[in-house]
$ cat coords_23.txt   # compact mmCIF, C-alpha atoms
# COMPACT_ATOMS: atom_id res chain seq x y z
CA MET S 1 274.54 97.35 -15.88
CA LYS S 2 277.64 99.37 -16.66
CA VAL S 3 276.11 102.39 -14.99
CA LEU S 4 275.41 100.36 -11.85
CA GLN S 5 278.97 99.04 -11.87
CA VAL S 6 280.32 102.57 -12.09
CA LEU S 7 278.06 103.73 -9.26
CA LYS S 8 279.28 100.86 -7.07
CA SER S 9 282.97 101.33 -7.94
CA LYS S 10 285.50 102.18 -5.25
CA PHE S 11 286.69 105.17 -7.28
CA LEU S 12 283.26 106.79 -7.19
CA LYS S 13 282.83 106.05 -3.49
CA ASP S 14 286.25 107.55 -2.77
CA MET S 15 285.42 110.62 -4.82
CA ALA S 16 282.09 111.08 -3.04
CA THR S 17 283.76 110.69 0.37
CA LEU S 18 286.37 113.31 -0.46
CA GLN S 19 283.78 115.72 -1.85
CA VAL S 20 281.60 115.45 1.25
CA GLY S 21 284.63 115.82 3.52
CA SER S 22 285.85 118.84 1.58
CA MET S 23 282.40 120.42 1.70
CA LEU S 24 282.20 119.99 5.48
CA THR S 25 285.66 121.54 5.87
CA SER S 26 284.65 124.50 3.70
CA ILE S 27 281.48 124.98 5.75
CA GLY S 28 283.62 124.97 8.90
CA ASN S 29 285.92 127.63 7.45
CA LEU S 30 282.97 129.82 6.49
CA PHE S 31 281.30 129.31 9.86
CA SER S 32 284.45 130.25 11.81
CA THR S 33 285.04 133.32 9.63
CA ILE S 34 281.52 134.60 10.27
CA LEU S 35 281.79 133.92 14.01
CA LEU S 36 285.14 135.68 14.28
CA ALA S 37 283.73 138.70 12.48
CA PHE S 38 281.00 139.04 15.13
CA ILE S 39 283.18 138.15 18.12
CA LEU S 40 286.40 140.00 17.34
CA GLY S 41 285.28 142.82 15.07
CA ALA S 42 286.98 143.95 11.89
CA ARG S 43 290.34 145.06 13.35
CA GLU S 44 291.08 141.99 15.48
CA GLN S 45 289.81 139.62 12.80
CA GLY S 46 292.08 141.41 10.34
CA ASN S 47 295.05 140.93 12.69
CA TYR S 48 294.20 137.23 12.94
CA PHE S 49 294.08 136.71 9.17
CA ALA S 50 297.06 138.98 8.48
CA SER S 51 299.27 137.04 10.91
CA SER S 52 298.17 133.74 9.34
CA ALA S 53 298.97 135.08 5.87
CA LEU S 54 302.40 136.32 6.98
CA PHE S 55 303.22 132.93 8.47
CA SER S 56 302.07 131.15 5.29
CA LEU S 57 304.10 133.47 3.07
CA VAL S 58 307.36 132.49 4.79
CA SER S 59 306.69 128.83 5.53
CA ARG S 60 304.81 127.58 2.48
CA VAL S 61 307.81 127.22 0.15
CA LEU S 62 309.77 125.04 2.57
CA SER S 63 307.03 122.93 4.12
CA SER S 64 304.23 122.47 1.58
CA GLY S 65 306.08 119.98 -0.61
CA SER S 66 306.89 117.27 1.94
CA GLY S 67 303.34 115.91 2.07
CA PRO S 68 302.79 115.47 -1.71
CA ALA S 69 306.29 114.04 -2.13
CA THR S 70 305.60 111.50 0.63
CA VAL S 71 302.22 110.59 -0.87
CA SER S 72 303.74 109.80 -4.26
CA GLN S 73 306.52 107.65 -2.79
CA VAL S 74 304.36 105.83 -0.22
CA SER S 75 301.78 105.08 -2.93
CA SER S 76 304.50 103.52 -5.09
CA ALA S 77 305.83 101.51 -2.15
CA ALA S 78 302.38 100.31 -1.09
CA ALA S 79 301.61 99.13 -4.63
CA ARG S 80 304.68 96.89 -4.47
CA GLY S 81 304.09 95.80 -0.88
CA ASN S 82 307.31 97.50 0.26
CA SER S 83 306.36 98.54 3.79
CA GLU S 84 309.97 99.44 4.65
CA LYS S 85 310.10 102.12 1.96
CA ALA S 86 306.69 103.42 3.03
CA ALA S 87 307.89 103.64 6.64
CA ALA S 88 311.07 105.43 5.50
CA TRP S 89 309.16 108.11 3.58
CA LEU S 90 306.67 108.69 6.40
CA ALA S 91 309.65 108.99 8.75
CA PHE S 92 311.17 111.47 6.29
CA GLN S 93 308.05 113.61 6.39
CA LEU S 94 308.11 113.68 10.20
CA LYS S 95 311.83 114.43 10.37
CA ALA S 96 311.82 117.04 7.61
CA GLY S 97 308.71 118.65 9.09
CA PHE S 98 310.34 118.85 12.51
CA PHE S 99 313.51 120.54 11.25
CA ILE S 100 311.69 122.87 8.85
CA SER S 101 308.98 123.87 11.33
CA GLY S 102 311.50 124.13 14.16
CA GLY S 103 313.78 126.29 12.03
CA ILE S 104 310.90 128.58 11.05
CA CYS S 105 309.90 128.82 14.72
CA VAL S 106 313.41 129.85 15.82
CA ALA S 107 314.04 132.25 12.93
CA GLY S 108 310.50 133.60 13.08
CA TYR S 109 311.07 135.03 16.56
CA TRP S 110 313.08 137.81 14.89
CA LEU S 111 311.95 137.52 11.26
CA PHE S 112 308.17 137.88 11.54
CA PRO S 113 308.11 141.03 13.74
CA TYR S 114 310.75 142.61 11.46
CA ILE S 115 308.72 141.94 8.30
CA ALA S 116 305.45 143.08 9.88
CA GLY S 117 307.14 146.21 11.19
CA LEU S 118 308.24 147.39 7.75
CA GLU S 119 306.38 150.47 6.59
CA PHE S 120 305.14 148.98 3.32
CA MET S 121 303.82 145.96 5.26
CA GLY S 122 301.76 148.17 7.56
CA GLY S 123 304.24 148.80 10.37
CA ASN S 124 302.41 146.58 12.88
CA GLU S 125 304.88 144.41 14.78
CA ARG S 126 302.06 142.78 16.74
CA ILE S 127 301.03 140.91 13.58
CA GLY S 128 304.57 139.56 13.37
CA VAL S 129 304.43 138.36 16.98
CA LEU S 130 301.13 136.60 16.29
CA ALA S 131 302.62 135.02 13.16
CA TRP S 132 305.44 133.68 15.33
CA TRP S 133 302.90 132.16 17.72
CA ILE S 134 301.40 130.26 14.79
CA THR S 135 304.75 128.51 14.17
CA ALA S 136 303.89 126.21 17.10
CA ALA S 137 300.91 124.75 15.23
CA PRO S 138 302.88 122.91 12.48
CA LEU S 139 305.10 121.27 15.10
CA PHE S 140 302.06 119.86 16.91
CA ASP S 141 300.48 118.99 13.56
CA LEU S 142 303.28 116.66 12.36
CA PRO S 143 301.58 113.35 13.30
CA ARG S 144 298.34 114.37 11.61
CA GLY S 145 300.21 115.39 8.46
CA ALA S 146 301.96 112.02 8.24
CA ALA S 147 298.69 110.14 8.84
CA ILE S 148 296.96 112.13 6.08
CA SER S 149 299.78 111.36 3.65
CA ALA S 150 299.52 107.66 4.47
CA PHE S 151 295.74 107.67 3.98
CA GLN S 152 296.01 109.49 0.65
CA ALA S 153 298.76 107.20 -0.63
CA THR S 154 296.83 104.01 0.19
CA ARG S 155 293.41 105.38 -0.83
CA ARG S 156 291.95 105.21 2.66
CA MET S 157 289.53 108.02 1.94
CA LEU S 158 287.10 107.51 4.80
CA PRO S 159 289.69 107.86 7.61
CA LEU S 160 291.24 110.71 5.61
CA ALA S 161 287.94 112.62 5.52
CA GLN S 162 287.20 111.77 9.16
CA THR S 163 290.62 113.03 10.27
CA GLU S 164 290.29 116.27 8.31
CA ASN S 165 286.73 116.91 9.48
CA ALA S 166 287.56 116.16 13.12
CA HIS S 167 290.41 118.66 12.93
CA GLU S 168 288.12 121.29 11.41
CA VAL S 169 285.46 120.78 14.10
CA MET S 170 288.04 121.16 16.86
CA ARG S 171 289.61 124.17 15.14
CA VAL S 172 286.30 125.99 14.75
CA PHE S 173 285.28 125.30 18.35
CA LEU S 174 288.63 126.18 19.96
CA VAL S 175 289.34 129.22 17.78
CA THR S 176 285.86 130.56 18.54
CA PHE S 177 286.17 129.73 22.23
CA GLY S 178 289.55 131.46 22.44
CA ALA S 179 288.17 134.52 20.70
CA ILE S 180 285.18 134.68 23.08
CA VAL S 181 287.34 134.34 26.21
CA THR S 182 289.98 136.92 25.23
CA GLY S 183 288.15 139.11 22.72
CA LYS S 184 291.43 139.33 20.80
CA ALA S 185 293.27 137.60 17.96
CA GLU S 186 295.63 136.03 20.50
CA GLY S 187 292.84 133.82 21.84
CA ALA S 188 291.87 132.62 18.37
CA ILE S 189 295.49 131.70 17.59
CA LEU S 190 295.88 129.81 20.87
CA GLY S 191 292.74 127.89 19.93
CA MET S 192 294.26 127.05 16.56
CA ILE S 193 297.43 125.72 18.22
CA LEU S 194 295.47 123.59 20.71
CA ALA S 195 293.35 122.19 17.87
CA SER S 196 296.53 121.05 16.08
CA LEU S 197 297.70 119.24 19.21
CA LEU S 198 294.40 117.48 19.89
CA SER S 199 293.74 116.52 16.26
CA SER S 200 297.21 114.99 15.99
CA ALA S 201 296.48 112.82 19.02
CA LEU S 202 293.22 111.74 17.38
CA SER S 203 294.95 111.04 14.04
CA LEU S 204 297.26 108.49 15.71
CA GLU S 205 294.21 106.51 16.81
CA MET S 206 292.67 106.85 13.35
CA TYR S 207 295.89 105.52 11.84
CA ARG S 208 295.91 102.55 14.21
CA LEU S 209 292.33 101.68 13.26
CA ALA S 210 293.08 102.09 9.53
CA ARG S 211 295.84 99.48 9.79
CA VAL S 212 293.36 96.76 10.68
CA GLY S 213 293.44 94.40 7.72
CA ARG S 214 295.86 96.64 5.78
CA LYS S 215 299.11 96.14 7.70
CA GLU S 216 301.02 95.26 4.54
CA GLU S 217 300.27 98.76 3.15
CA LEU S 218 300.43 100.87 6.28
CA PRO S 219 303.58 100.41 8.40
CA SER S 220 303.23 100.50 12.16
CA ILE S 221 303.88 103.69 14.11
CA ALA S 222 306.80 101.95 15.83
CA ALA S 223 308.34 101.07 12.43
CA ILE S 224 308.04 104.67 11.28
CA LEU S 225 309.59 106.07 14.44
CA ALA S 226 312.44 103.56 14.21
CA ARG S 227 313.44 104.99 10.81
CA ILE S 228 313.46 108.67 11.81
CA ARG S 229 317.01 108.69 13.15
CA ASP S 230 318.60 107.08 10.09
CA VAL S 231 316.51 108.41 7.20
CA PRO S 232 318.62 110.93 5.18
CA LEU S 233 316.96 114.27 4.56
CA ARG S 234 319.09 115.04 1.49
CA GLU S 235 317.43 112.27 -0.56
CA GLY S 236 313.89 113.59 -0.25
CA PHE S 237 314.43 117.33 0.18
CA PRO S 238 315.06 118.20 -3.54
CA LEU S 239 311.70 116.69 -4.53
CA THR S 240 310.03 118.37 -1.56
CA LEU S 241 311.46 121.78 -2.47
CA ARG S 242 310.39 121.53 -6.12
CA ILE S 243 306.81 120.63 -5.20
CA GLY S 244 306.76 123.33 -2.51
CA LEU S 245 307.82 126.03 -4.97
CA LEU S 246 305.10 125.02 -7.43
CA ARG S 247 302.39 124.89 -4.76
CA CYS S 248 303.51 128.21 -3.28
CA THR S 249 303.44 129.96 -6.66
CA ASP S 250 299.94 128.66 -7.35
CA ALA S 251 298.57 129.47 -3.87
CA LEU S 252 300.05 132.97 -3.72
CA GLY S 253 298.77 133.74 -7.22
CA VAL S 254 295.22 132.89 -6.14
CA GLN S 255 295.55 134.88 -2.89
CA ILE S 256 296.92 137.98 -4.62
$ encode --input "coords_23.txt" --output "structure tokens"
Amino acid sequence: MKVLQVLKSKFLKDMATLQVGSMLTSIGNLFSTILLAFILGAREQGNYFASSALFSLVSRVLSSGSGPATVSQVSSAAARGNSEKAAAWLAFQLKAGFFISGGICVAGYWLFPYIAGLEFMGGNERIGVLAWWITAAPLFDLPRGAAISAFQATRRMLPLAQTENAHEVMRVFLVTFGAIVTGKAEGAILGMILASLLSSALSLEMYRLARVGRKEELPSIAAILARIRDVPLREGFPLTLRIGLLRCTDALGVQI
């Protein structure tokens, strides 16, 4: 009986949902990598991955902590039924993401080509230009990031997995399509940017559907947007920066 209760528990169902969703995302990554290798060839595929890595190296410290920080605070607020605090933290993630991603986009116009052009980095300024192109993707991806944080915080694992998998399907298709049309890394990156835009639009609908019957845990989109102007960045940024530094250290260690 205890075994059956465990098998029917929400925790196990959530875990299974996340595992399946993660597996599908990994399959999508592998599939797109193999396709790009055949479509672009080694040099152009290398330029595509090198530009993505350069962008991640600069942006990860500043931007990777806002999501986990928001998840922890929204989870605490949802447990107490404090929808105003949940809306404030989701608004913080959107506002902080906009300023951080926008700042990286502006600075990256000069910074990325300079870094890529250094001799010990390979001396290829084109990679820096492509890395700057990628800075558009996080700006378009802000709504999806906030929706994912809300789903994680309130344990809405099915819409979380569906949102992630839908993004991966669009990314694989559009990146591959862009690579086929242009035969260059530029086309793949344009596909990545378009996938971020379309998946964010889809995530807003997923969020609306997830609120059905759970409105006390998930604040409305209008309530979140209403808090963006007044929410102070200085209150959440220290926590965001600490988490971002830890995540960056871990991720770069694995990559190296």
$ closest_atom_pairs --input "coords_23.txt" --of "region 140-202 of chain S" --to "region 37-50 of chain S" --cutoff "9 Å" --atoms "only C-alpha atoms" --output "tab-separated table"
residue	atom	partner	partner_atom	distance
S:Thr176	CA	S:Ile39	CA	8.1
S:Ala179	CA	S:Leu40	CA	6.7
S:Ile180	CA	S:Ile39	CA	6.4
S:Gly183	CA	S:Leu40	CA	5.7
S:Lys184	CA	S:Glu44	CA	6.0
S:Ala185	CA	S:Tyr48	CA	5.1
S:Glu186	CA	S:Tyr48	CA	7.8
S:Ala188	CA	S:Tyr48	CA	7.5
S:Ile189	CA	S:Tyr48	CA	7.3
$ residues_near_point --input "coords_23.txt" --point "(299.4, 107.7, 7.6)" --cutoff "10 Å" --atoms "all atoms listed in the file" --output "PyMOL selection string"
chain S and resi 71+74+86-87+90+143-154+156+159-160+203-204+206-208+210-211+218-221+224
$ closest_residue --input "coords_23.txt" --among "S:Thr70, S:Gln93, S:Thr182, S:Ser199" --to "Arg227 (chain S)" --atoms "all atoms listed in the file"
S:Gln93
$ axis_aligned_box --input "coords_23.txt" --around "region 120-134 of chain S" --padding-each-side "8 Å" --output "AutoDock Vina command-line options"
--center_x 303.2 --center_y 139.6 --center_z 10.5 --size_x 20.4 --size_y 34.7 --size_z 30.4
$ atom_distance --input "coords_23.txt" --atom1 "CA of Gly187 (chain S)" --atom2 "CA of Gly67 (chain S)"
28.7 Å
$ closest_residue --input "coords_23.txt" --among "S:Ser66, S:Asn165, S:Leu30, S:Gly191" --to "Ala91 (chain S)" --atoms "all atoms listed in the file"
S:Ser66
$ atom_distance --input "coords_23.txt" --atom1 "CA of Glu84 (chain S)" --atom2 "CA of Phe98 (chain S)"
20.9 Å
$ residues_near_point --input "coords_23.txt" --point "(292.9, 123.0, 18.6)" --cutoff "8 Å" --atoms "only C-alpha atoms" --output "count of residues only"
16
$ closest_residue --input "coords_23.txt" --among "S:Ala136, S:Ala96, S:Ala88, S:Ile27" --to "Gln73 (chain S)" --atoms "all atoms listed in the file"
S:Ala88
$ atom_distance --input "coords_23.txt" --atom1 "CA of Phe55 (chain S)" --atom2 "CA of Ser26 (chain S)"
20.9 Å
$ closest_residue --input "coords_23.txt" --among "S:Leu57, S:Ala78, S:Met157, S:Val172" --to "Ile115 (chain S)" --atoms "all atoms listed in the file"
S:Leu57
$ closest_residue --input "coords_23.txt" --among "S:Leu54, S:Val106, S:Ile228, S:Ile100" --to "Arg126 (chain S)" --atoms "only C-alpha atoms"
S:Leu54
